[in-house]
Amino acid sequence: MTKVPILIGEHWLHPDAAQAGPVHNPATGEVIGRVPLCGPAEVDQAVAVALQAFTAWGSTPPPKRARVLFRYRELLEVHFEEISRLIATENGKTLDEARGDLRRGVEVVEFACGIAHLAKGEHLPRLAEEVDGLTMREPLGVCAGITPFNFPAMVPMWMYPLAIACGNTFVLKPSEKVPLTANRLAELFREAGLPPGVLNVVHGGREVVDALCTHPAVRAISFVGSSPVARHVYTTACAHGKRVQSAGGAKNVLVVLPDADPEPTIRAVMGSAFGCAGQRCMAGSLLLGVGKAADPLREQLLAAMDQLPLGDPLTEPRTGMGPVIDGRARDRLFGAVAEAGEQGLEITRDGRRGLPEQGFFVGPTLLDHTATQHRVFTEELFGPVLALLRPTSLEEAIAQTNQLPYGNAATLFTESGTAARQFALQVECGMVGINLGVPAPMALFAFSGWDQSFYGDLHVQGMEGVMFYTRQKTVLSRWAGGFRHFF
Ligand code: NAD
């Protein structure tokens with residue numbers, strides 16, 4: 001069984017933490033590791049080392065920083081399959097999904113390789129008589145990232161590659177449920193030539209998070225996880241004077257119009273609702289079959305769900321869907337399905353039945369005749385449970401979508417450009433898809449949730465990520481003539 005270390009500077013340490021938690025292989029239920037549940041002492045150590053490393057790293061020329069990132073990118077490619085297997089082992093997603101998880105992360109490293117261009121400022125000669133103006137973007141100092149279990153590679157990589165490319169040093173606190181991938185990613189960054197102390201990794205839960213959010217030397221917090229914790233992190237870290245980007249949970253909507261092309265639509269809906277066992281913040285969990293679209297959609301979906309084999313992603317190559325993360329998640333999902341049945345929803349396909357004997361499995365589940373007052377309409381379940389609603393028009397579908405407290409993503413399936421345009425303009429959420437099951441922006445765009453899906457203003461990834469991890473300085477210079485006030 002692996003005893004998971006933390007990374008402080010150049011040392012992998014086993015802290016004398018009072019407690020340690022289990023790391024599972026969710027497909028078998030087996031405990032494969034013990035993760036230390038650190039506290040303020042380890043956070044102090046990590047932040048002190050990061051602060052010390054900032055002096056040199058923050059003033060390293062950006063093209064030189066980029067060279068380390070280029071080498072890191074190559075190492076990630078060399079170890080791509082090994083890391084993908086690690087993701088599948090501790091998270092339970094299929095190998096293809098694990099490869100996608102890592103690929104999206106590598107794309108952020110590729111984006112960050114362009115830092116010398118991305119972090120350039122602006123210049124205006126002759127802002128006034130004899131006065132020139134310029135701006136420059138400078139790193140903040142020590143930044144911290146707190147991440148969820150569902151993307152062990154991609155979500156941490158939304159943060160530390162860009163923060164570090166910008167000249168900051170970093171303390172990563174990955175989910176205690178999936179610490180192994182984060183450690184391997186950090187190890188390879190060191191191997192690529194990253195100086196000690198620029199990236200540090202501490203493990204644990206609430207205690208470590210609170211210590212990071214209140215630590216006086218931490219300048220910025222990036223968080224991704226559930227909405228209640230996102231709100232807690234945002235309010236705590238803001239109250240302690242930090243800049244914060246805090247992404248929360250979601251309830252994403254898939255709207256299907258009668259004119260949608262059936263075959264690609266079903267494929268996209270299946271991938272969105274049941275990919276990664278529904279444990280994506282972009283997972284479609286509400287399916288709005290508009291008018292005549294609903295009945296055929298339901299029949300085609302049921303047929304596709306029968307063709308989705310559950311199994312261990314590592315030992316059964318045909319596996320179409322892996323387990324959920326742990327026994328608590330499985331029991332919570334079983335409870336939500338039971339409650340939906342009690343509330344009068346039709347459990348059209350029941351994912352509580354016909355499951356593998358070992359591991360934390362939940363089968364694909366379809367709940368029909370959902371209405372906006374049902375709990376499954378507003379509450380994020382975070383599992384392979386899809387609720388079907390039957391609005392009579394596109395306008396009604398948009399109105400239902402806009403009732404949700406979250407503002408993450410919504411997709412429309414249609415052949416009509418007019419409907420697509422209306423949807424994109426009127427739907428109130430930060431990420432819109434047209435004929436796409438998972439409209440997740442790639443590294444070049446910001447991951448732009450709204451409302452309870454995001455607290456803060458500058459989102460992760462893209463230019464907003466560069467802005468978040470740098471602060472602007474404006475310099476006005478007069479080099480000609482004598483001293484005069486110019487305004
Ligand atoms: P979580 O909120 O339980 O945990 C996220 C992180 O917060 C972990 O590192 C955890 O250790 C820490 N944490 C947990 N409880 C805490 C507390 N009370 N105080 C302080 N820290 C705490 O989330 P999860 O179950 O790991 O991940 C699933 C959630 O993440 C879902 O809600 C999903 O929608 C969301 N998510 C959002 C995005 C996005 O971009 N919006 C992306 C991925 C996942």
# chains A, B, ... in the order shown; residues from 1 in each chain; ligands from 1
>>> residues_near_ligand(ligand="ligand 1", cutoff="7 Å", atoms="only C-alpha atoms and all ligand atoms", output="number ranges by chain")
A: 146-151, 155, 173-176, 204-207, 209-210, 224-227, 229-230, 232-233, 247-250, 280-281, 380, 382, 447, 449, 453-454
>>> residues_around(residues="Glu346 (chain A)", least_positions_apart="5", cutoff="10 Å", atoms="only C-alpha atoms", output="list in words")
Val337, Ala340, Gly341, Leu366, Leu367, Asp368, His369, Thr370, Ala387 and Leu388 of chain A
>>> closest_residue(among="A:Glu342, A:Glu316, A:Asp306, A:Glu138", to="Pro364 (chain A)", atoms="only C-alpha atoms")
A:Asp306
>>> residues_around(residues="region 74-88 of chain A", least_positions_apart="2", cutoff="10 Å", atoms="only C-alpha atoms", output="PyMOL selection string")
chain A and resi 25-27+69-72+90-103+105-106+109+150-153+178-182+184-185+188-189+191-192+312-314+322
>>> residues_around(residues="Asp16 (chain A)", least_positions_apart="4", cutoff="10 Å", atoms="only C-alpha atoms", output="JSON, numbers by chain")
{"A": [20, 36, 37, 38, 42]}
>>> select_by_dssp(residues="region 344-423 of chain A", states="strand (DSSP E or B)", output="list in words")
Glu346, Ile347, Thr348, Arg349, Thr365, Leu366, Leu367, Asp368, Val385, Leu386, Ala387, Leu388, Leu389, Tyr406, Gly407, Ala409, Ala410, Thr411, Leu412 and Phe413 of chain A
>>> write_last_selection(atoms="C-alpha atoms", output="short mmCIF file (atom, residue, chain, number, x, y, z; two decimals), in the first residue's frame")
data_model
loop_
_atom_site.label_atom_id
_atom_site.label_comp_id
_atom_site.auth_asym_id
_atom_site.auth_seq_id
_atom_site.Cartn_x
_atom_site.Cartn_y
_atom_site.Cartn_z
CA GLU A 346 -40.78 7.55 -13.20
CA ILE A 347 -37.52 5.62 -12.69
CA THR A 348 -37.36 4.67 -16.34
CA ARG A 349 -33.99 3.02 -16.02
CA THR A 365 -30.23 6.07 -14.59
CA LEU A 366 -33.07 7.89 -16.35
CA LEU A 367 -35.82 9.70 -14.45
CA ASP A 368 -38.77 10.73 -16.61
CA VAL A 385 -28.45 10.18 -13.20
CA LEU A 386 -30.26 12.00 -16.01
CA ALA A 387 -33.63 13.70 -15.44
CA LEU A 388 -35.95 14.18 -18.44
CA LEU A 389 -38.27 17.20 -18.71
CA TYR A 406 -26.25 27.49 -11.18
CA GLY A 407 -24.96 29.12 -14.36
CA ALA A 409 -23.35 25.18 -19.07
CA ALA A 410 -26.29 24.61 -21.40
CA THR A 411 -26.40 23.00 -24.84
CA LEU A 412 -28.95 23.07 -27.64
CA PHE A 413 -29.26 20.31 -30.25
#
>>> atom_distance(atom1="CA of Ile266 (chain A)", atom2="CA of Leu394 (chain A)")
18.8 Å
>>> closest_residue(among="A:Ile164, A:Val31, A:Ala336, A:Ile434", to="Val466 (chain A)", atoms="only C-alpha atoms")
A:Ile164
>>> select_by_dssp(residues="region 166-284 of chain A", states="helix (DSSP H, G or I)", output="PyMOL selection string")
chain A and resi 179-191+206-214+227-239+262-278
>>> closest_residue(among="A:Val324, A:Val475, A:Val198, A:Leu257", to="Gly278 (chain A)", atoms="only C-alpha atoms")
A:Val324
>>> closest_residue(among="A:Lys177, A:His117, A:Lys3, A:His215", to="Gln45 (chain A)", atoms="only C-alpha atoms")
A:His215
>>> residues_around(residues="region 309-311 of chain A", least_positions_apart="2", cutoff="6 Å", atoms="only C-alpha atoms", output="list in words")
Thr319, Gly320, Met321 and Gly322 of chain A
>>> write_last_selection(atoms="all heavy atoms", output="tab-separated table (two decimals), in the first residue's frame")
chain	number	residue	atom	x	y	z
A	319	THR	N	-15.02	-1.72	-20.96
A	319	THR	CA	-15.76	-0.86	-20.03
A	319	THR	C	-16.16	0.47	-20.67
A	319	THR	O	-15.33	1.18	-21.22
A	319	THR	CB	-14.89	-0.58	-18.78
A	319	THR	OG1	-14.68	-1.81	-18.12
A	319	THR	CG2	-15.55	0.40	-17.83
A	320	GLY	N	-17.46	0.78	-20.58
A	320	GLY	CA	-17.95	2.05	-21.11
A	320	GLY	C	-18.13	3.06	-20.02
A	320	GLY	O	-18.17	4.28	-20.26
A	321	MET	N	-18.31	2.57	-18.78
A	321	MET	CA	-18.49	3.50	-17.65
A	321	MET	C	-17.90	2.86	-16.40
A	321	MET	O	-18.18	1.71	-16.09
A	321	MET	CB	-19.97	3.81	-17.45
A	321	MET	CG	-20.21	4.95	-16.48
A	321	MET	SD	-21.94	5.47	-16.44
A	321	MET	CE	-22.55	4.48	-15.11
A	322	GLY	N	-17.09	3.62	-15.68
A	322	GLY	CA	-16.48	3.14	-14.44
A	322	GLY	C	-17.37	3.44	-13.24
A	322	GLY	O	-18.51	3.90	-13.38
>>> atom_distance(atom1="CA of Leu51 (chain A)", atom2="CA of Cys143 (chain A)")
9.6 Å
>>> atom_distance(atom1="CA of Pro40 (chain A)", atom2="CA of Thr60 (chain A)")
29.7 Å
>>> residues_around(residues="Pro262 (chain A)", least_positions_apart="2", cutoff="10 Å", atoms="only C-alpha atoms", output="ChimeraX atom specification")
/A:256,258-260,264-268,293,296-297,300,413-414
>>> closest_residue(among="A:Ile398, A:Met282, A:Leu333, A:Ala446", to="Arg352 (chain A)", atoms="only C-alpha atoms")
A:Leu333
>>> closest_residue(among="A:Ala480, A:Ala443, A:Val201, A:Leu212", to="Met157 (chain A)", atoms="only C-alpha atoms")
A:Ala443
